[in-house]
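This is run-v7.cif. It holds mmCIF, N, CA and C atoms.
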```cif
data_my_file
loop_
_atom_site.label_atom_id
_atom_site.label_comp_id
_atom_site.auth_asym_id
_atom_site.auth_seq_id
_atom_site.Cartn_x
_atom_site.Cartn_y
_atom_site.Cartn_z
N MET A 1 -14.62 2.43 -7.21
CA MET A 1 -14.69 3.51 -6.29
C MET A 1 -13.62 3.34 -5.20
N PHE A 2 -13.33 2.11 -4.85
CA PHE A 2 -12.33 1.81 -3.84
C PHE A 2 -10.95 2.27 -4.30
N ALA A 3 -10.62 1.98 -5.55
CA ALA A 3 -9.32 2.39 -6.10
C ALA A 3 -9.23 3.91 -6.20
N ALA A 4 -10.34 4.56 -6.53
CA ALA A 4 -10.34 6.02 -6.62
C ALA A 4 -10.09 6.65 -5.25
N TRP A 5 -10.68 6.07 -4.21
CA TRP A 5 -10.45 6.57 -2.85
C TRP A 5 -8.98 6.43 -2.47
N ILE A 6 -8.40 5.28 -2.76
CA ILE A 6 -7.00 5.05 -2.40
C ILE A 6 -6.09 6.03 -3.14
N ALA A 7 -6.30 6.17 -4.44
CA ALA A 7 -5.44 7.06 -5.23
C ALA A 7 -5.60 8.52 -4.80
N THR A 8 -6.81 8.96 -4.59
CA THR A 8 -7.06 10.35 -4.23
C THR A 8 -6.55 10.67 -2.83
N SER A 9 -6.83 9.80 -1.89
CA SER A 9 -6.45 10.10 -0.51
C SER A 9 -4.94 10.03 -0.31
N ILE A 10 -4.29 9.09 -0.94
CA ILE A 10 -2.83 9.02 -0.81
C ILE A 10 -2.18 10.19 -1.54
N SER A 11 -2.71 10.57 -2.69
CA SER A 11 -2.19 11.75 -3.39
C SER A 11 -2.39 13.01 -2.55
N ALA A 12 -3.53 13.11 -1.88
CA ALA A 12 -3.78 14.27 -1.03
C ALA A 12 -2.80 14.30 0.15
N CYS A 13 -2.54 13.15 0.73
CA CYS A 13 -1.57 13.10 1.84
C CYS A 13 -0.18 13.47 1.37
N LEU A 14 0.18 13.03 0.17
CA LEU A 14 1.48 13.41 -0.37
C LEU A 14 1.54 14.92 -0.63
N ALA A 15 0.44 15.49 -1.10
CA ALA A 15 0.41 16.93 -1.35
C ALA A 15 0.47 17.71 -0.04
N LEU A 16 -0.10 17.15 1.03
CA LEU A 16 -0.07 17.83 2.32
C LEU A 16 1.33 17.91 2.92
N THR A 17 2.25 17.10 2.44
CA THR A 17 3.60 17.16 2.99
C THR A 17 4.29 18.46 2.62
N GLY A 18 3.90 19.06 1.50
CA GLY A 18 4.51 20.31 1.07
C GLY A 18 5.90 20.13 0.48
N ARG A 19 6.30 18.92 0.23
CA ARG A 19 7.63 18.63 -0.31
C ARG A 19 7.49 18.23 -1.77
N THR A 20 7.55 19.19 -2.65
CA THR A 20 7.29 18.93 -4.06
C THR A 20 8.37 18.06 -4.69
N LYS A 21 9.63 18.24 -4.30
CA LYS A 21 10.70 17.42 -4.88
C LYS A 21 10.53 15.96 -4.48
N PHE A 22 10.14 15.70 -3.25
CA PHE A 22 9.91 14.34 -2.79
C PHE A 22 8.76 13.69 -3.55
N VAL A 23 7.67 14.43 -3.69
CA VAL A 23 6.49 13.89 -4.39
C VAL A 23 6.82 13.66 -5.86
N LEU A 24 7.53 14.57 -6.48
CA LEU A 24 7.93 14.41 -7.88
C LEU A 24 8.84 13.19 -8.05
N ALA A 25 9.79 13.04 -7.15
CA ALA A 25 10.68 11.87 -7.21
C ALA A 25 9.90 10.58 -7.04
N LEU A 26 8.91 10.59 -6.17
CA LEU A 26 8.09 9.40 -5.95
C LEU A 26 7.27 9.06 -7.20
N PHE A 27 6.68 10.09 -7.82
CA PHE A 27 5.87 9.85 -9.02
C PHE A 27 6.72 9.45 -10.22
N ILE A 28 7.99 9.76 -10.21
CA ILE A 28 8.89 9.30 -11.28
C ILE A 28 9.43 7.91 -10.96
N ALA A 29 9.76 7.66 -9.70
CA ALA A 29 10.39 6.40 -9.31
C ALA A 29 9.43 5.21 -9.38
N LEU A 30 8.19 5.40 -8.99
CA LEU A 30 7.26 4.25 -8.96
C LEU A 30 6.99 3.67 -10.35
N PRO A 31 6.64 4.48 -11.36
CA PRO A 31 6.48 3.89 -12.69
C PRO A 31 7.78 3.32 -13.24
N LEU A 32 8.89 3.95 -12.91
CA LEU A 32 10.18 3.44 -13.36
C LEU A 32 10.48 2.07 -12.75
N LEU A 33 10.18 1.90 -11.46
CA LEU A 33 10.36 0.60 -10.82
C LEU A 33 9.46 -0.46 -11.46
N PHE A 34 8.23 -0.07 -11.79
CA PHE A 34 7.32 -1.00 -12.44
C PHE A 34 7.87 -1.42 -13.81
N LEU A 35 8.38 -0.45 -14.56
CA LEU A 35 8.94 -0.75 -15.88
C LEU A 35 10.17 -1.64 -15.77
N VAL A 36 11.05 -1.35 -14.81
CA VAL A 36 12.24 -2.17 -14.61
C VAL A 36 11.84 -3.59 -14.23
N ASN A 37 10.81 -3.73 -13.40
CA ASN A 37 10.33 -5.05 -13.01
C ASN A 37 9.80 -5.83 -14.20
N VAL A 38 9.01 -5.19 -15.04
CA VAL A 38 8.44 -5.87 -16.20
C VAL A 38 9.53 -6.28 -17.19
N VAL A 39 10.40 -5.35 -17.51
CA VAL A 39 11.47 -5.64 -18.48
C VAL A 39 12.46 -6.63 -17.90
N GLY A 40 12.82 -6.43 -16.64
CA GLY A 40 13.79 -7.33 -16.01
C GLY A 40 13.28 -8.74 -15.88
N SER A 41 12.00 -8.89 -15.50
CA SER A 41 11.47 -10.24 -15.34
C SER A 41 11.29 -10.94 -16.69
N ARG A 42 11.11 -10.17 -17.72
CA ARG A 42 10.92 -10.79 -19.04
C ARG A 42 12.23 -11.19 -19.70
N TYR A 43 13.26 -10.35 -19.57
CA TYR A 43 14.48 -10.59 -20.32
C TYR A 43 15.67 -11.06 -19.48
N LEU A 44 15.64 -10.83 -18.19
CA LEU A 44 16.78 -11.20 -17.36
C LEU A 44 16.57 -12.49 -16.55
N ILE A 45 15.32 -12.83 -16.31
CA ILE A 45 14.99 -14.01 -15.53
C ILE A 45 14.71 -15.17 -16.50
N PRO A 46 15.27 -16.35 -16.25
CA PRO A 46 14.98 -17.49 -17.11
C PRO A 46 13.48 -17.82 -17.11
N ALA A 47 13.01 -18.39 -18.20
CA ALA A 47 11.58 -18.64 -18.38
C ALA A 47 10.99 -19.52 -17.28
N HIS A 48 11.74 -20.51 -16.82
CA HIS A 48 11.19 -21.42 -15.81
C HIS A 48 11.12 -20.77 -14.42
N LEU A 49 11.76 -19.62 -14.24
CA LEU A 49 11.73 -18.93 -12.95
C LEU A 49 10.84 -17.68 -12.96
N GLN A 50 10.28 -17.33 -14.10
CA GLN A 50 9.51 -16.10 -14.21
C GLN A 50 8.27 -16.10 -13.31
N PHE A 51 7.54 -17.21 -13.28
CA PHE A 51 6.34 -17.27 -12.46
C PHE A 51 6.69 -17.13 -10.98
N SER A 52 7.74 -17.79 -10.55
CA SER A 52 8.17 -17.69 -9.15
C SER A 52 8.61 -16.28 -8.81
N PHE A 53 9.34 -15.65 -9.72
CA PHE A 53 9.78 -14.28 -9.50
C PHE A 53 8.60 -13.32 -9.41
N GLU A 54 7.66 -13.45 -10.33
CA GLU A 54 6.48 -12.57 -10.31
C GLU A 54 5.64 -12.79 -9.07
N SER A 55 5.50 -14.04 -8.63
CA SER A 55 4.77 -14.32 -7.40
C SER A 55 5.46 -13.72 -6.20
N ALA A 56 6.78 -13.79 -6.17
CA ALA A 56 7.53 -13.21 -5.06
C ALA A 56 7.39 -11.69 -5.04
N VAL A 57 7.43 -11.06 -6.21
CA VAL A 57 7.29 -9.60 -6.28
C VAL A 57 5.90 -9.19 -5.82
N VAL A 58 4.89 -9.91 -6.25
CA VAL A 58 3.51 -9.60 -5.85
C VAL A 58 3.36 -9.76 -4.34
N GLY A 59 3.87 -10.84 -3.79
CA GLY A 59 3.79 -11.05 -2.35
C GLY A 59 4.54 -9.99 -1.56
N LEU A 60 5.72 -9.61 -2.03
CA LEU A 60 6.50 -8.58 -1.34
C LEU A 60 5.83 -7.21 -1.41
N MET A 61 5.16 -6.92 -2.52
CA MET A 61 4.41 -5.67 -2.61
C MET A 61 3.28 -5.65 -1.59
N GLY A 62 2.58 -6.76 -1.45
CA GLY A 62 1.51 -6.84 -0.46
C GLY A 62 2.03 -6.65 0.96
N ILE A 63 3.15 -7.30 1.26
CA ILE A 63 3.75 -7.15 2.59
C ILE A 63 4.20 -5.70 2.81
N ALA A 64 4.76 -5.09 1.78
CA ALA A 64 5.21 -3.69 1.89
C ALA A 64 4.04 -2.75 2.15
N PHE A 65 2.93 -2.95 1.44
CA PHE A 65 1.76 -2.10 1.66
C PHE A 65 1.21 -2.26 3.08
N LEU A 66 1.13 -3.50 3.55
CA LEU A 66 0.68 -3.74 4.92
C LEU A 66 1.63 -3.11 5.94
N ALA A 67 2.93 -3.27 5.70
CA ALA A 67 3.92 -2.72 6.64
C ALA A 67 3.86 -1.20 6.69
N VAL A 68 3.70 -0.57 5.54
CA VAL A 68 3.61 0.90 5.52
C VAL A 68 2.37 1.37 6.27
N THR A 69 1.26 0.71 6.08
CA THR A 69 0.04 1.10 6.78
C THR A 69 0.19 0.94 8.28
N VAL A 70 0.73 -0.18 8.72
CA VAL A 70 0.93 -0.39 10.16
C VAL A 70 1.91 0.64 10.72
N TRP A 71 2.99 0.90 9.98
CA TRP A 71 3.98 1.88 10.44
C TRP A 71 3.35 3.27 10.58
N LEU A 72 2.51 3.66 9.61
CA LEU A 72 1.86 4.97 9.69
C LEU A 72 0.98 5.08 10.93
N PHE A 73 0.22 4.02 11.21
CA PHE A 73 -0.64 4.06 12.38
C PHE A 73 0.17 4.07 13.67
N LEU A 74 1.24 3.32 13.73
CA LEU A 74 2.08 3.32 14.93
C LEU A 74 2.75 4.68 15.13
N ALA A 75 3.21 5.29 14.04
CA ALA A 75 3.84 6.60 14.15
C ALA A 75 2.83 7.66 14.57
N ALA A 76 1.64 7.62 14.01
CA ALA A 76 0.61 8.60 14.38
C ALA A 76 0.16 8.40 15.82
N ARG A 77 0.09 7.18 16.26
CA ARG A 77 -0.30 6.91 17.65
C ARG A 77 0.82 7.32 18.62
N ARG A 78 2.04 7.06 18.25
CA ARG A 78 3.18 7.42 19.10
C ARG A 78 3.26 8.93 19.31
N ARG A 79 2.94 9.69 18.27
CA ARG A 79 2.95 11.15 18.38
C ARG A 79 1.62 11.70 18.88
N GLU A 80 0.70 10.82 19.20
CA GLU A 80 -0.62 11.17 19.74
C GLU A 80 -1.46 12.00 18.77
N PHE A 81 -1.33 11.70 17.46
CA PHE A 81 -2.17 12.35 16.47
C PHE A 81 -3.51 11.64 16.33
N ILE A 82 -3.54 10.37 16.66
CA ILE A 82 -4.79 9.61 16.65
C ILE A 82 -4.94 8.96 18.02
N GLY A 83 -6.18 8.82 18.43
CA GLY A 83 -6.46 8.23 19.73
C GLY A 83 -6.62 6.72 19.65
N GLY A 84 -6.81 6.14 20.80
CA GLY A 84 -7.00 4.70 20.87
C GLY A 84 -8.27 4.24 20.18
N ARG A 85 -9.32 5.06 20.27
CA ARG A 85 -10.59 4.68 19.61
C ARG A 85 -10.42 4.65 18.09
N MET A 86 -9.71 5.62 17.56
CA MET A 86 -9.46 5.64 16.10
C MET A 86 -8.62 4.44 15.70
N LEU A 87 -7.63 4.13 16.50
CA LEU A 87 -6.76 2.99 16.21
C LEU A 87 -7.56 1.69 16.23
N MET A 88 -8.44 1.54 17.21
CA MET A 88 -9.26 0.32 17.29
C MET A 88 -10.27 0.26 16.15
N ALA A 89 -10.86 1.40 15.79
CA ALA A 89 -11.82 1.42 14.69
C ALA A 89 -11.13 1.08 13.37
N ALA A 90 -9.95 1.64 13.15
CA ALA A 90 -9.20 1.35 11.92
C ALA A 90 -8.76 -0.11 11.90
N GLY A 91 -8.34 -0.63 13.04
CA GLY A 91 -7.95 -2.04 13.12
C GLY A 91 -9.12 -2.96 12.83
N GLY A 92 -10.29 -2.65 13.38
CA GLY A 92 -11.48 -3.45 13.11
C GLY A 92 -11.89 -3.39 11.65
N LEU A 93 -11.81 -2.20 11.06
CA LEU A 93 -12.14 -2.06 9.64
C LEU A 93 -11.12 -2.80 8.78
N GLY A 94 -9.86 -2.75 9.18
CA GLY A 94 -8.81 -3.48 8.45
C GLY A 94 -9.03 -4.98 8.51
N ILE A 95 -9.41 -5.48 9.66
CA ILE A 95 -9.70 -6.92 9.79
C ILE A 95 -10.92 -7.29 8.96
N ALA A 96 -11.93 -6.43 8.94
CA ALA A 96 -13.12 -6.70 8.13
C ALA A 96 -12.77 -6.71 6.64
N MET A 97 -11.94 -5.77 6.20
CA MET A 97 -11.55 -5.75 4.79
C MET A 97 -10.71 -6.97 4.44
N ALA A 98 -9.83 -7.39 5.36
CA ALA A 98 -9.02 -8.58 5.11
C ALA A 98 -9.91 -9.82 5.02
N ALA A 99 -10.96 -9.87 5.83
CA ALA A 99 -11.88 -11.00 5.76
C ALA A 99 -12.65 -11.01 4.45
N ILE A 100 -13.05 -9.85 3.98
CA ILE A 100 -13.74 -9.77 2.68
C ILE A 100 -12.82 -10.21 1.56
N VAL A 101 -11.58 -9.76 1.61
CA VAL A 101 -10.61 -10.16 0.58
C VAL A 101 -10.39 -11.67 0.64
N TRP A 102 -10.31 -12.22 1.84
CA TRP A 102 -10.06 -13.65 1.99
C TRP A 102 -11.22 -14.48 1.43
N MET A 103 -12.43 -13.93 1.48
CA MET A 103 -13.60 -14.66 1.01
C MET A 103 -13.93 -14.42 -0.45
N LEU A 104 -13.04 -13.77 -1.18
CA LEU A 104 -13.28 -13.55 -2.61
C LEU A 104 -13.46 -14.89 -3.32
N PRO A 105 -14.31 -14.92 -4.31
CA PRO A 105 -14.50 -16.18 -5.05
C PRO A 105 -13.22 -16.65 -5.73
N HIS A 106 -13.14 -17.95 -5.90
CA HIS A 106 -11.94 -18.57 -6.46
C HIS A 106 -11.73 -18.22 -7.94
N TRP A 107 -12.76 -17.85 -8.65
CA TRP A 107 -12.59 -17.64 -10.09
C TRP A 107 -11.84 -16.34 -10.40
N PHE A 108 -11.63 -15.47 -9.44
CA PHE A 108 -10.85 -14.27 -9.67
C PHE A 108 -9.35 -14.53 -9.58
N LEU A 109 -8.97 -15.59 -8.93
CA LEU A 109 -7.56 -15.84 -8.65
C LEU A 109 -7.13 -17.17 -9.23
N SER A 110 -5.85 -17.29 -9.49
CA SER A 110 -5.33 -18.55 -10.02
C SER A 110 -5.14 -19.55 -8.89
N ASP A 111 -4.52 -20.69 -9.21
CA ASP A 111 -4.32 -21.73 -8.21
C ASP A 111 -3.37 -21.29 -7.11
N SER A 112 -2.38 -20.51 -7.45
CA SER A 112 -1.42 -20.02 -6.47
C SER A 112 -1.97 -18.72 -5.88
N ARG A 113 -2.78 -18.82 -4.84
CA ARG A 113 -3.51 -17.68 -4.31
C ARG A 113 -2.74 -16.87 -3.28
N GLY A 114 -1.72 -17.42 -2.67
CA GLY A 114 -1.05 -16.75 -1.57
C GLY A 114 -0.55 -15.35 -1.89
N PRO A 115 0.29 -15.18 -2.88
CA PRO A 115 0.81 -13.84 -3.18
C PRO A 115 -0.29 -12.87 -3.61
N GLN A 116 -1.25 -13.35 -4.38
CA GLN A 116 -2.32 -12.46 -4.83
C GLN A 116 -3.20 -12.01 -3.67
N MET A 117 -3.46 -12.92 -2.74
CA MET A 117 -4.24 -12.55 -1.56
C MET A 117 -3.48 -11.54 -0.72
N LEU A 118 -2.18 -11.72 -0.60
CA LEU A 118 -1.35 -10.79 0.16
C LEU A 118 -1.38 -9.40 -0.48
N LEU A 119 -1.31 -9.35 -1.81
CA LEU A 119 -1.36 -8.07 -2.50
C LEU A 119 -2.72 -7.41 -2.31
N LEU A 120 -3.79 -8.17 -2.43
CA LEU A 120 -5.13 -7.59 -2.24
C LEU A 120 -5.32 -7.08 -0.82
N MET A 121 -4.81 -7.81 0.16
CA MET A 121 -4.91 -7.34 1.54
C MET A 121 -4.07 -6.08 1.75
N GLY A 122 -2.89 -6.04 1.13
CA GLY A 122 -2.05 -4.85 1.24
C GLY A 122 -2.69 -3.64 0.60
N VAL A 123 -3.27 -3.82 -0.57
CA VAL A 123 -3.94 -2.71 -1.26
C VAL A 123 -5.16 -2.25 -0.47
N SER A 124 -5.91 -3.19 0.10
CA SER A 124 -7.07 -2.80 0.90
C SER A 124 -6.65 -2.07 2.17
N SER A 125 -5.48 -2.39 2.70
CA SER A 125 -5.01 -1.66 3.88
C SER A 125 -4.62 -0.22 3.53
N LEU A 126 -4.27 0.02 2.28
CA LEU A 126 -3.94 1.39 1.87
C LEU A 126 -5.15 2.32 1.94
N ALA A 127 -6.35 1.76 1.93
CA ALA A 127 -7.54 2.59 2.07
C ALA A 127 -7.62 3.22 3.46
N LEU A 128 -7.02 2.56 4.44
CA LEU A 128 -7.01 3.09 5.81
C LEU A 128 -5.82 3.99 6.10
N ALA A 129 -4.79 3.89 5.30
CA ALA A 129 -3.55 4.63 5.56
C ALA A 129 -3.74 6.13 5.69
N PRO A 130 -4.61 6.78 4.90
CA PRO A 130 -4.74 8.24 5.03
C PRO A 130 -5.27 8.70 6.39
N LEU A 131 -5.93 7.83 7.13
CA LEU A 131 -6.39 8.21 8.46
C LEU A 131 -5.22 8.56 9.37
N ALA A 132 -4.11 7.89 9.19
CA ALA A 132 -2.92 8.17 9.97
C ALA A 132 -1.94 9.05 9.21
N ALA A 133 -1.92 8.93 7.88
CA ALA A 133 -0.95 9.67 7.08
C ALA A 133 -1.28 11.15 6.99
N GLY A 134 -2.54 11.50 7.05
CA GLY A 134 -2.93 12.91 6.96
C GLY A 134 -2.31 13.76 8.05
N PRO A 135 -2.52 13.42 9.33
CA PRO A 135 -1.88 14.22 10.39
C PRO A 135 -0.35 14.20 10.32
N LEU A 136 0.22 13.07 9.95
CA LEU A 136 1.67 13.00 9.83
C LEU A 136 2.18 13.90 8.70
N ALA A 137 1.44 13.94 7.59
CA ALA A 137 1.84 14.76 6.45
C ALA A 137 1.79 16.25 6.80
N VAL A 138 0.75 16.66 7.53
CA VAL A 138 0.64 18.06 7.92
C VAL A 138 1.79 18.44 8.85
N THR A 139 2.17 17.52 9.73
CA THR A 139 3.29 17.78 10.63
C THR A 139 4.60 17.89 9.85
N TRP A 140 4.74 17.08 8.82
CA TRP A 140 5.96 17.08 8.04
C TRP A 140 6.09 18.32 7.15
N ASN A 141 4.97 18.96 6.91
CA ASN A 141 4.95 20.12 6.03
C ASN A 141 5.72 21.26 6.67
N ARG A 142 6.73 21.70 6.03
CA ARG A 142 7.56 22.77 6.59
C ARG A 142 7.01 24.16 6.22
N HIS A 143 5.95 24.22 5.40
CA HIS A 143 5.42 25.50 4.93
C HIS A 143 4.17 25.93 5.68
N ARG A 144 3.84 25.27 6.77
CA ARG A 144 2.58 25.65 7.44
C ARG A 144 2.77 26.74 8.43
#
```

Take the structure in the file and write it out as structure tokens.
Amino acid sequence: MFAAWIATSISACLALTGRTKFVLALFIALPLLFLVNVVGSRYLIPAHLQFSFESAVVGLMGIAFLAVTVWLFLAARRREFIGGRMLMAAGGLGIAMAAIVWMLPHWFLSDSRGPQMLLLMGVSSLALAPLAAGPLAVTWNRHR
């Protein structure tokens, strides 16, 4: 249910922008980047470096998701689309979700937990992103 919320709410925010070419380019570019990553890491990276490369990509994706969420909240707050109470509530919920992710049992993750934990925290932060992305998307919509 968590993944469905993230997918639906982010898709709705993208639809609220009213920029169909941008959304189409995004939906084409993301799977293409995933495919390039899979093929590139398998055939272009030496075998002894593949695990390190994949761990780095996973960690960077987590950092990117966290950075995008923080940037959205800062941008929405700067433009006064969300108030201080909303920002504090979202921050508290984000910290609670990060704590839940941190306490996940060890059997779900391998020995090298750092990058995977970062990715899980980044993905969980995307659940909060629509709270700030919605007002920003409506503002960006040139057809309203």

Once the PyMOL selection byres ((chain A and resi 120-128) around 7) is applied to the coordinates I shared, what remains selected? I want it as a ChimeraX atom specification.
/A:5-6,61-67,69,90,94,97-98,101,115-119,129-133

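Straight-line separation from atom C of Arg19 of chain A to atom N of Val38 of chain A: 27.0 Å.
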
Those in chain A with alpha helix (DSSP H) from DSSP, as a count of residues only:
111

If I take atom CA of Pro135 of chain A and atom C of Phe81 of chain A, how far is one from the other in Å, to one decimal?
6.7 Å

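Between atom CA of Ala25 of chain A and atom CA of Val58 of chain A the interatomic distance comes to 22.7 Å.
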